[in-house]
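Structure data (mmCIF, C-alpha atoms) from upload25.cif:
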```cif
data_data
loop_
_atom_site.group_PDB
_atom_site.id
_atom_site.type_symbol
_atom_site.label_atom_id
_atom_site.label_comp_id
_atom_site.auth_asym_id
_atom_site.auth_seq_id
_atom_site.Cartn_x
_atom_site.Cartn_y
_atom_site.Cartn_z
ATOM 1 C CA MET A 1 94.265 -8.846 -41.541
ATOM 2 C CA LYS A 2 95.649 -11.811 -39.631
ATOM 3 C CA LYS A 3 96.385 -14.885 -41.736
ATOM 4 C CA VAL A 4 94.711 -18.202 -40.906
ATOM 5 C CA SER A 5 96.441 -21.467 -41.733
ATOM 6 C CA ILE A 6 94.619 -24.789 -42.018
ATOM 7 C CA ILE A 7 96.715 -27.954 -41.734
ATOM 8 C CA THR A 8 95.134 -31.194 -42.935
ATOM 9 C CA PRO A 9 96.783 -34.635 -42.983
ATOM 10 C CA CYS A 10 95.267 -37.121 -45.404
ATOM 11 C CA TYR A 11 95.674 -40.803 -46.183
ATOM 12 C CA ASN A 12 93.612 -42.310 -49.022
ATOM 13 C CA GLY A 13 90.928 -39.655 -48.987
ATOM 14 C CA GLU A 14 89.742 -39.756 -52.594
ATOM 15 C CA SER A 15 86.111 -40.447 -51.700
ATOM 16 C CA TYR A 16 85.633 -37.208 -49.738
ATOM 17 C CA LEU A 17 88.303 -34.770 -51.024
ATOM 18 C CA ASP A 18 85.965 -32.969 -53.430
ATOM 19 C CA ARG A 19 83.733 -32.108 -50.493
ATOM 20 C CA TYR A 20 86.722 -31.155 -48.353
ATOM 21 C CA PHE A 21 88.413 -28.826 -50.861
ATOM 22 C CA THR A 22 85.065 -27.223 -51.661
ATOM 23 C CA SER A 23 84.588 -26.421 -47.966
ATOM 24 C CA ILE A 24 87.978 -24.696 -47.922
ATOM 25 C CA ILE A 25 87.180 -22.641 -51.025
ATOM 26 C CA GLN A 26 83.859 -21.638 -49.447
ATOM 27 C CA GLN A 27 85.508 -20.224 -46.322
ATOM 28 C CA THR A 28 84.500 -16.577 -45.985
ATOM 29 C CA TYR A 29 87.804 -15.500 -44.447
ATOM 30 C CA ARG A 30 90.940 -14.261 -46.211
ATOM 31 C CA PRO A 31 93.942 -14.328 -46.056
ATOM 32 C CA LEU A 32 93.784 -18.107 -45.834
ATOM 33 C CA GLU A 33 96.512 -20.712 -46.218
ATOM 34 C CA LEU A 34 95.951 -24.447 -46.692
ATOM 35 C CA VAL A 35 98.726 -26.911 -45.887
ATOM 36 C CA PHE A 36 97.628 -30.301 -47.166
ATOM 37 C CA VAL A 37 99.824 -33.271 -46.223
ATOM 38 C CA ASP A 38 99.409 -36.411 -48.319
ATOM 39 C CA ASP A 39 100.628 -39.124 -45.948
ATOM 40 C CA GLY A 40 101.678 -41.731 -48.508
ATOM 41 C CA SER A 41 98.239 -42.242 -50.080
ATOM 42 C CA THR A 42 97.897 -45.089 -52.555
ATOM 43 C CA ASP A 43 94.636 -43.920 -54.138
ATOM 44 C CA ARG A 44 93.868 -40.755 -56.179
ATOM 45 C CA THR A 45 94.516 -38.335 -53.317
ATOM 46 C CA ALA A 46 97.580 -36.733 -54.965
ATOM 47 C CA GLU A 47 95.777 -36.409 -58.309
ATOM 48 C CA ILE A 48 92.722 -34.757 -56.749
ATOM 49 C CA ALA A 49 94.869 -32.352 -54.721
ATOM 50 C CA GLU A 50 96.654 -31.301 -57.914
ATOM 51 C CA GLN A 51 93.306 -30.730 -59.640
ATOM 52 C CA TYR A 52 92.279 -28.268 -56.921
ATOM 53 C CA LYS A 53 95.530 -26.290 -56.976
ATOM 54 C CA GLU A 54 94.282 -23.750 -59.532
ATOM 55 C CA LYS A 55 90.785 -23.561 -58.046
ATOM 56 C CA LEU A 56 92.208 -22.759 -54.614
ATOM 57 C CA SER A 57 94.504 -20.123 -56.082
ATOM 58 C CA GLU A 58 91.621 -18.491 -57.941
ATOM 59 C CA ALA A 59 89.666 -18.403 -54.674
ATOM 60 C CA GLY A 60 92.536 -16.580 -52.956
ATOM 61 C CA VAL A 61 93.677 -19.568 -50.893
ATOM 62 C CA GLU A 62 97.444 -20.045 -50.591
ATOM 63 C CA PHE A 63 98.004 -23.773 -51.141
ATOM 64 C CA HIS A 64 100.905 -25.974 -50.044
ATOM 65 C CA CYS A 65 100.734 -29.683 -50.851
ATOM 66 C CA ILE A 66 103.282 -31.872 -49.070
ATOM 67 C CA ARG A 67 103.729 -35.512 -50.017
ATOM 68 C CA GLN A 68 105.528 -37.944 -47.739
ATOM 69 C CA GLU A 69 105.839 -41.672 -47.201
ATOM 70 C CA ASN A 70 103.157 -43.002 -44.893
ATOM 71 C CA ALA A 71 104.186 -42.180 -41.323
ATOM 72 C CA GLY A 72 100.915 -41.460 -39.535
ATOM 73 C CA GLN A 73 98.903 -38.353 -38.725
ATOM 74 C CA ALA A 74 101.248 -36.980 -36.069
ATOM 75 C CA ALA A 75 104.184 -37.059 -38.491
ATOM 76 C CA ALA A 76 101.959 -35.435 -41.114
ATOM 77 C CA MET A 77 101.056 -32.667 -38.667
ATOM 78 C CA ASN A 78 104.759 -32.120 -37.985
ATOM 79 C CA ALA A 79 105.334 -31.658 -41.715
ATOM 80 C CA GLY A 80 102.594 -29.037 -41.724
ATOM 81 C CA PHE A 81 103.966 -27.287 -38.650
ATOM 82 C CA ARG A 82 107.279 -26.759 -40.450
ATOM 83 C CA VAL A 83 105.750 -24.736 -43.273
ATOM 84 C CA PHE A 84 102.582 -22.941 -42.115
ATOM 85 C CA THR A 85 102.861 -19.159 -41.877
ATOM 86 C CA GLY A 86 99.549 -18.037 -40.358
ATOM 87 C CA ASP A 87 98.925 -16.026 -37.203
ATOM 88 C CA TYR A 88 96.206 -18.525 -36.324
ATOM 89 C CA LEU A 89 96.007 -22.270 -36.859
ATOM 90 C CA ILE A 90 93.019 -24.482 -37.547
ATOM 91 C CA TRP A 91 93.711 -28.159 -38.086
ATOM 92 C CA CYS A 92 91.195 -30.688 -39.317
ATOM 93 C CA ASP A 93 90.872 -34.115 -40.876
ATOM 94 C CA SER A 94 90.163 -34.394 -44.589
ATOM 95 C CA ASP A 95 86.834 -36.155 -44.003
ATOM 96 C CA ASP A 96 85.525 -33.367 -41.751
ATOM 97 C CA ILE A 97 83.429 -30.379 -42.805
ATOM 98 C CA LEU A 98 84.253 -26.809 -41.832
ATOM 99 C CA LEU A 99 81.174 -24.642 -42.341
ATOM 100 C CA PRO A 100 81.812 -21.515 -44.466
ATOM 101 C CA GLU A 101 82.149 -19.091 -41.524
ATOM 102 C CA ASN A 102 84.368 -21.415 -39.470
ATOM 103 C CA ALA A 103 87.605 -19.469 -39.915
ATOM 104 C CA GLU A 104 86.010 -16.019 -39.943
ATOM 105 C CA LYS A 105 84.030 -16.396 -36.739
ATOM 106 C CA LYS A 106 86.918 -18.057 -34.944
ATOM 107 C CA VAL A 107 89.314 -15.241 -35.840
ATOM 108 C CA ASN A 108 86.779 -12.582 -34.872
ATOM 109 C CA PHE A 109 86.350 -14.282 -31.497
ATOM 110 C CA MET A 110 90.096 -14.529 -30.870
ATOM 111 C CA GLU A 111 90.727 -10.932 -31.916
ATOM 112 C CA ALA A 112 88.007 -9.770 -29.534
ATOM 113 C CA ASN A 113 89.368 -11.937 -26.688
ATOM 114 C CA PRO A 114 93.168 -11.643 -26.541
ATOM 115 C CA GLN A 115 93.246 -13.393 -23.147
ATOM 116 C CA TYR A 116 92.687 -16.789 -24.829
ATOM 117 C CA GLY A 117 95.475 -18.824 -26.407
ATOM 118 C CA PHE A 118 93.007 -21.152 -28.109
ATOM 119 C CA ALA A 119 89.265 -21.625 -28.433
ATOM 120 C CA ILE A 120 86.633 -24.261 -29.135
ATOM 121 C CA CYS A 121 83.402 -23.847 -31.111
ATOM 122 C CA ARG A 122 80.379 -26.121 -31.389
ATOM 123 C CA GLY A 123 79.541 -28.750 -33.976
ATOM 124 C CA ARG A 124 77.355 -31.676 -34.877
ATOM 125 C CA VAL A 125 77.746 -35.368 -35.688
ATOM 126 C CA VAL A 126 75.798 -36.314 -38.786
ATOM 127 C CA ASN A 127 75.271 -39.504 -40.773
ATOM 128 C CA GLU A 128 77.513 -40.065 -43.802
ATOM 129 C CA GLU A 129 74.685 -41.536 -45.897
ATOM 130 C CA GLU A 130 72.064 -39.064 -44.606
ATOM 131 C CA PRO A 131 73.890 -35.745 -43.931
ATOM 132 C CA GLU A 132 70.733 -34.071 -42.633
ATOM 133 C CA LYS A 133 70.319 -36.747 -39.948
ATOM 134 C CA LEU A 134 71.602 -35.417 -36.624
ATOM 135 C CA LEU A 135 73.383 -38.050 -34.538
ATOM 136 C CA GLY A 136 74.788 -35.833 -31.809
ATOM 137 C CA ARG A 137 75.912 -32.372 -30.776
ATOM 138 C CA LEU A 138 79.532 -31.464 -30.067
ATOM 139 C CA TYR A 139 80.168 -28.890 -27.364
ATOM 140 C CA ARG A 140 82.039 -28.705 -24.105
ATOM 141 C CA VAL A 141 80.074 -27.561 -21.088
ATOM 142 C CA ARG A 142 82.178 -24.772 -19.604
ATOM 143 C CA PRO A 143 82.946 -25.591 -15.960
ATOM 144 C CA GLU A 144 81.948 -23.091 -13.326
ATOM 145 C CA GLY A 145 84.888 -21.396 -11.646
ATOM 146 C CA GLU A 146 88.383 -22.469 -12.669
ATOM 147 C CA ASP A 147 88.497 -24.283 -15.998
ATOM 148 C CA SER A 148 89.574 -27.929 -15.709
ATOM 149 C CA PHE A 149 90.301 -28.315 -19.445
ATOM 150 C CA PHE A 150 93.740 -29.908 -18.969
ATOM 151 C CA TYR A 151 92.563 -32.473 -16.420
ATOM 152 C CA ASP A 152 89.405 -33.212 -18.381
ATOM 153 C CA LEU A 153 91.566 -34.002 -21.411
ATOM 154 C CA ILE A 154 93.466 -36.574 -19.376
ATOM 155 C CA ARG A 155 90.256 -38.081 -18.019
ATOM 156 C CA GLU A 156 88.426 -37.757 -21.368
ATOM 157 C CA LYS A 157 85.598 -36.068 -19.470
ATOM 158 C CA ASN A 158 83.319 -33.483 -21.089
ATOM 159 C CA MET A 159 85.819 -33.337 -23.956
ATOM 160 C CA TYR A 160 85.954 -33.590 -27.749
ATOM 161 C CA PHE A 161 89.071 -34.290 -29.778
ATOM 162 C CA TYR A 162 87.659 -33.431 -33.213
ATOM 163 C CA PRO A 163 90.263 -30.913 -34.404
ATOM 164 C CA GLY A 164 87.908 -28.889 -36.606
ATOM 165 C CA LEU A 165 86.337 -27.493 -33.434
ATOM 166 C CA TYR A 166 89.491 -25.621 -32.440
ATOM 167 C CA ILE A 167 91.597 -22.603 -33.313
ATOM 168 C CA ALA A 168 94.937 -21.673 -31.727
ATOM 169 C CA ARG A 169 97.215 -18.680 -31.845
ATOM 170 C CA ARG A 170 100.538 -19.368 -33.491
ATOM 171 C CA ALA A 171 102.266 -17.540 -30.639
ATOM 172 C CA ALA A 172 100.650 -19.861 -28.076
ATOM 173 C CA MET A 173 101.703 -22.963 -29.976
ATOM 174 C CA GLU A 174 105.260 -21.722 -30.298
ATOM 175 C CA ARG A 175 105.345 -21.103 -26.545
ATOM 176 C CA ASP A 176 103.817 -24.413 -25.529
ATOM 177 C CA ILE A 177 104.901 -27.042 -28.056
ATOM 178 C CA PRO A 178 108.719 -27.442 -27.988
ATOM 179 C CA GLY A 179 110.189 -26.881 -31.431
ATOM 180 C CA MET A 180 106.644 -26.926 -32.872
ATOM 181 C CA GLN A 181 106.934 -30.710 -33.243
ATOM 182 C CA ILE A 182 104.991 -33.528 -31.570
ATOM 183 C CA TYR A 183 105.905 -37.174 -31.071
ATOM 184 C CA PRO A 184 105.359 -38.940 -34.436
ATOM 185 C CA SER A 185 102.961 -41.574 -33.141
ATOM 186 C CA ARG A 186 100.277 -43.189 -35.294
ATOM 187 C CA LEU A 187 97.532 -42.025 -32.944
ATOM 188 C CA GLY A 188 96.872 -39.254 -30.444
ATOM 189 C CA GLN A 189 98.072 -36.229 -32.424
ATOM 190 C CA ASN A 190 95.183 -34.048 -31.242
ATOM 191 C CA TRP A 191 95.914 -34.938 -27.624
ATOM 192 C CA GLN A 192 99.542 -33.935 -28.117
ATOM 193 C CA ILE A 193 98.502 -30.541 -29.455
ATOM 194 C CA LEU A 194 95.749 -29.811 -26.962
ATOM 195 C CA LEU A 195 97.463 -30.949 -23.743
ATOM 196 C CA PRO A 196 100.274 -28.360 -23.741
ATOM 197 C CA LEU A 197 97.881 -25.630 -24.877
ATOM 198 C CA ALA A 198 95.443 -26.504 -22.087
ATOM 199 C CA LEU A 199 98.223 -26.594 -19.497
ATOM 200 C CA HIS A 200 99.558 -23.112 -20.288
ATOM 201 C CA GLU A 201 96.738 -21.186 -21.989
ATOM 202 C CA LYS A 202 93.168 -20.153 -21.304
ATOM 203 C CA CYS A 203 90.517 -21.639 -23.572
ATOM 204 C CA GLY A 204 87.752 -19.526 -25.053
ATOM 205 C CA TYR A 205 84.270 -20.957 -25.590
ATOM 206 C CA MET A 206 82.309 -20.068 -28.694
ATOM 207 C CA GLU A 207 78.561 -20.588 -28.998
ATOM 208 C CA ASP A 208 78.771 -20.784 -32.790
ATOM 209 C CA ASP A 209 77.977 -24.087 -34.563
ATOM 210 C CA LEU A 210 80.747 -24.260 -37.199
ATOM 211 C CA PHE A 211 81.739 -27.892 -37.689
ATOM 212 C CA ARG A 212 80.338 -31.186 -38.960
ATOM 213 C CA TYR A 213 81.718 -34.643 -38.295
ATOM 214 C CA LYS A 214 80.276 -37.232 -40.671
ATOM 215 C CA LYS A 215 80.185 -40.543 -38.859
ATOM 216 C CA LYS A 216 81.052 -43.556 -40.956
ATOM 217 C CA LYS A 217 82.098 -47.070 -40.047
ATOM 218 C CA LYS A 218 85.536 -46.941 -41.692
ATOM 219 C CA SER A 219 86.716 -43.505 -40.517
ATOM 220 C CA HIS A 220 90.036 -43.194 -38.686
ATOM 221 C CA SER A 221 88.517 -41.273 -35.770
ATOM 222 C CA HIS A 222 85.588 -43.666 -35.393
ATOM 223 C CA SER A 223 87.842 -46.712 -35.285
#
```
Do you think you could lay out the structure here as structure tokens?
Amino acid sequence: MKKVSIITPCYNGESYLDRYFTSIIQQTYRPLELVFVDDGSTDRTAEIAEQYKEKLSEAGVEFHCIRQENAGQAAAMNAGFRVFTGDYLIWCDSDDILLPENAEKKVNFMEANPQYGFAICRGRVVNEEEPEKLLGRLYRVRPEGEDSFFYDLIREKNMYFYPGLYIARRAAMERDIPGMQIYPSRLGQNWQILLPLALHEKCGYMEDDLFRYKKKKKSHSHS
């Protein structure tokens, strides 16, 4: 079985970490590795992560918790890149929701389609206070003919940057991202990962709805 790694940067996530760690435990796929990067949180993030260490282990999830001084999400992703060991990578924010079959269906798709270096699934935007309230659907309309993924990223056309939608092969990332490190900017880490993948690799399109983004006024992505 191919191992899946999930890298998640987090800054002051105490209000949603119970939900996040539960969604990782509920993943139907194993072997699974979680690399959680606490980016200098000043709330109870470190304490909550420690509380879930045993629960994750009991659920068969290999858990790595990295703590660093606050340096931004790109720097946190770099810390995760240095230690993850999976054949596939999923990366997501700590306030996102991966549905239970997220990893399993993504791996099955990639194994059945070796021509793709990465793939995108579908998802939904829901309300933080009313999770059953649908605010929008997340999916890229596949262009007819040659895929314009790279250029659409640049133009922000027909494109979604929510990382929980994606999966990438480790081999593709090692080919396309020099030294498996991105520029440690405060913003734009998903762009930095997706641009080189889109330039060099083919993207696969999944019809499966596997991701939820809870929209809230104070979220990093929303701001």
- Do a neighbour search on A:Tyr151 at 9 Å with only C-alpha atoms, toss out local chain neighbours closer than 4 positions, and write the hits as a count of residues only. 6
- Message: Which polymer residues, whether protein, DNA or RNA, lie within 8 Å of the coordinate (88.8, -19.5, -16.4) when you count all atoms listed in the file? List them as a list of chain:residue names, using the chain letters and numbers from the file.
- Response: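 Output: A:Gly145, A:Glu146, A:Asp147, A:Lys202, A:Cys203.
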- Item | Contact residues around stretch 58-70 of chain A with only C-alpha atoms at 6 Å, ignoring same-chain residues under 6 positions, as a PyMOL selection string | chain A and resi 32-40
Dump of C-alpha atoms for the selected residues, as a PDB file, in the frame of the given file:
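Result file is again-v5.pdb:
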```
ATOM      1  CA  LEU A  32      93.784 -18.107 -45.834  1.00  0.00           C
ATOM      2  CA  GLU A  33      96.512 -20.712 -46.218  1.00  0.00           C
ATOM      3  CA  LEU A  34      95.951 -24.447 -46.692  1.00  0.00           C
ATOM      4  CA  VAL A  35      98.726 -26.911 -45.887  1.00  0.00           C
ATOM      5  CA  PHE A  36      97.628 -30.301 -47.166  1.00  0.00           C
ATOM      6  CA  VAL A  37      99.824 -33.271 -46.223  1.00  0.00           C
ATOM      7  CA  ASP A  38      99.409 -36.411 -48.319  1.00  0.00           C
ATOM      8  CA  ASP A  39     100.628 -39.124 -45.948  1.00  0.00           C
ATOM      9  CA  GLY A  40     101.678 -41.731 -48.508  1.00  0.00           C
TER      10      GLY A  40
END
```
- Item | atom CA of A:Ala171 to atom CA of A:Asp208, straight-line distance in Å |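 Pair atom CA of A:Asp208 / atom CA of A:Ala171 returns 23.8 Å.
The spacing separating atom CA of A:Arg137 from atom CA of A:Phe21 amounts to 23.9 Å.
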- Message: Given all atoms listed in the file as the basis, pick out the residue of A:Pro163, A:Gly123, A:Pro9, A:Gly117 nearest to A:Leu135.
- Response: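 Distance minimum relative to A:Leu135 lands on A:Gly123.
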- Task: Can you work out the spacing between atom CA of A:Gln27 and atom CA of A:Ile90 in Å, to one decimal?
- Result: 12.3 Å
- Between A:Arg142, A:Arg186, A:Lys214, A:Lys53, which one has atoms that come closest to A:Ala74, using all atoms listed in the file?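 Closest to A:Ala74 of all the choices is A:Arg186.
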- To verify the selection step, state as a PyMOL selection string which residues the PyMOL selection byres ((chain A and resi 140) around 8) yields on this input. chain A and resi 122+138-139+141-142+158-160
- Spatial neighbours of A:Pro196, max dist 12 Å, all atoms listed in the file, sep filter under 6 positions, as a list in words: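 So, after excluding close chain neighbours, the residues are Gly117, Phe118, Phe149, Phe150, Tyr151, Leu153, Ile154, Ala168, Ala172, Met173, Glu174, Arg175, Asp176, Ile177, Pro178, Met180, Gln181, Ile182, Gln189, Asn190, Lys202 and Cys203 of chain A.
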Using the selection just defined, write its residues with C-alpha atoms as a PDB file, in the frame of the given file.
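File written: part-v8.pdb
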```
ATOM      1  CA  GLY A 117      95.475 -18.824 -26.407  1.00  0.00           C
ATOM      2  CA  PHE A 118      93.007 -21.152 -28.109  1.00  0.00           C
ATOM      3  CA  PHE A 149      90.301 -28.315 -19.445  1.00  0.00           C
ATOM      4  CA  PHE A 150      93.740 -29.908 -18.969  1.00  0.00           C
ATOM      5  CA  TYR A 151      92.563 -32.473 -16.420  1.00  0.00           C
ATOM      6  CA  LEU A 153      91.566 -34.002 -21.411  1.00  0.00           C
ATOM      7  CA  ILE A 154      93.466 -36.574 -19.376  1.00  0.00           C
ATOM      8  CA  ALA A 168      94.937 -21.673 -31.727  1.00  0.00           C
ATOM      9  CA  ALA A 172     100.650 -19.861 -28.076  1.00  0.00           C
ATOM     10  CA  MET A 173     101.703 -22.963 -29.976  1.00  0.00           C
ATOM     11  CA  GLU A 174     105.260 -21.722 -30.298  1.00  0.00           C
ATOM     12  CA  ARG A 175     105.345 -21.103 -26.545  1.00  0.00           C
ATOM     13  CA  ASP A 176     103.817 -24.413 -25.529  1.00  0.00           C
ATOM     14  CA  ILE A 177     104.901 -27.042 -28.056  1.00  0.00           C
ATOM     15  CA  PRO A 178     108.719 -27.442 -27.988  1.00  0.00           C
ATOM     16  CA  MET A 180     106.644 -26.926 -32.872  1.00  0.00           C
ATOM     17  CA  GLN A 181     106.934 -30.710 -33.243  1.00  0.00           C
ATOM     18  CA  ILE A 182     104.991 -33.528 -31.570  1.00  0.00           C
ATOM     19  CA  GLN A 189      98.072 -36.229 -32.424  1.00  0.00           C
ATOM     20  CA  ASN A 190      95.183 -34.048 -31.242  1.00  0.00           C
ATOM     21  CA  LYS A 202      93.168 -20.153 -21.304  1.00  0.00           C
ATOM     22  CA  CYS A 203      90.517 -21.639 -23.572  1.00  0.00           C
TER      23      CYS A 203
END
```
Enclose the full set of atoms of stretch 80-90 of chain A listed in the file within a box whose edges lie along x, y and z, apply 6 Å of padding to each of the six sides, and report centre and edge lengths in Å to one decimal as AutoDock Vina command-line options.
```
--center_x 100.1 --center_y -22.5 --center_z -39.8 --size_x 26.3 --size_y 25.0 --size_z 18.9
```
- Using all atoms listed in the file, the best pick from A:Val4, A:Cys10, A:Leu56, A:Ala71 as closest to A:Asp43 would be A:Cys10
Counting all atoms listed in the file, what are the residues of stretch 63-121 of chain A within 8 Å of stretch 164-167 of chain A, and for each of them which pair of atoms is the nearest and at what distance in Å, to one decimal? Sort the table by chain and rising number, as a Markdown table.
```
| residue | atom | partner | partner_atom | distance |
| --- | --- | --- | --- | --- |
| A:Tyr88 | CA | A:Ile167 | CA | 6.9 |
| A:Leu89 | CA | A:Ile167 | CA | 5.7 |
| A:Ile90 | CA | A:Ile167 | CA | 4.8 |
| A:Trp91 | CA | A:Gly164 | CA | 6.0 |
| A:Cys92 | CA | A:Gly164 | CA | 4.6 |
| A:Asp93 | CA | A:Gly164 | CA | 7.4 |
| A:Asp96 | CA | A:Gly164 | CA | 7.2 |
| A:Ile97 | CA | A:Gly164 | CA | 7.8 |
| A:Leu98 | CA | A:Gly164 | CA | 6.7 |
| A:Lys106 | CA | A:Ile167 | CA | 6.7 |
| A:Phe118 | CA | A:Ile167 | CA | 5.6 |
| A:Ala119 | CA | A:Ile167 | CA | 5.5 |
| A:Ile120 | CA | A:Tyr166 | CA | 4.6 |
| A:Cys121 | CA | A:Leu165 | CA | 5.2 |
```
- Nearest to A:Ile48 by atom-to-atom distance, counting only C-alpha atoms, from A:Ile24, A:Met206, A:Ile193, A:Leu17: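 Checking each candidate against A:Ile48, we get A:Leu17 as the closest.
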- Query: Of the residues A:Tyr20, A:Gln73, A:Gly13, A:Glu50, which is the one nearest to A:Leu187, using all atoms listed in the file?
  - Reply: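 When distances to A:Leu187 are compared using all atoms listed in the file, the smallest one comes from A:Gln73.
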- Item | Residue among A:Ser5, A:Ser41, A:Ser185, A:Asn113 lying closest to A:Gly72, counting all atoms listed in the file |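 Counting all atoms listed in the file, the residue closest to A:Gly72 is A:Ser185.
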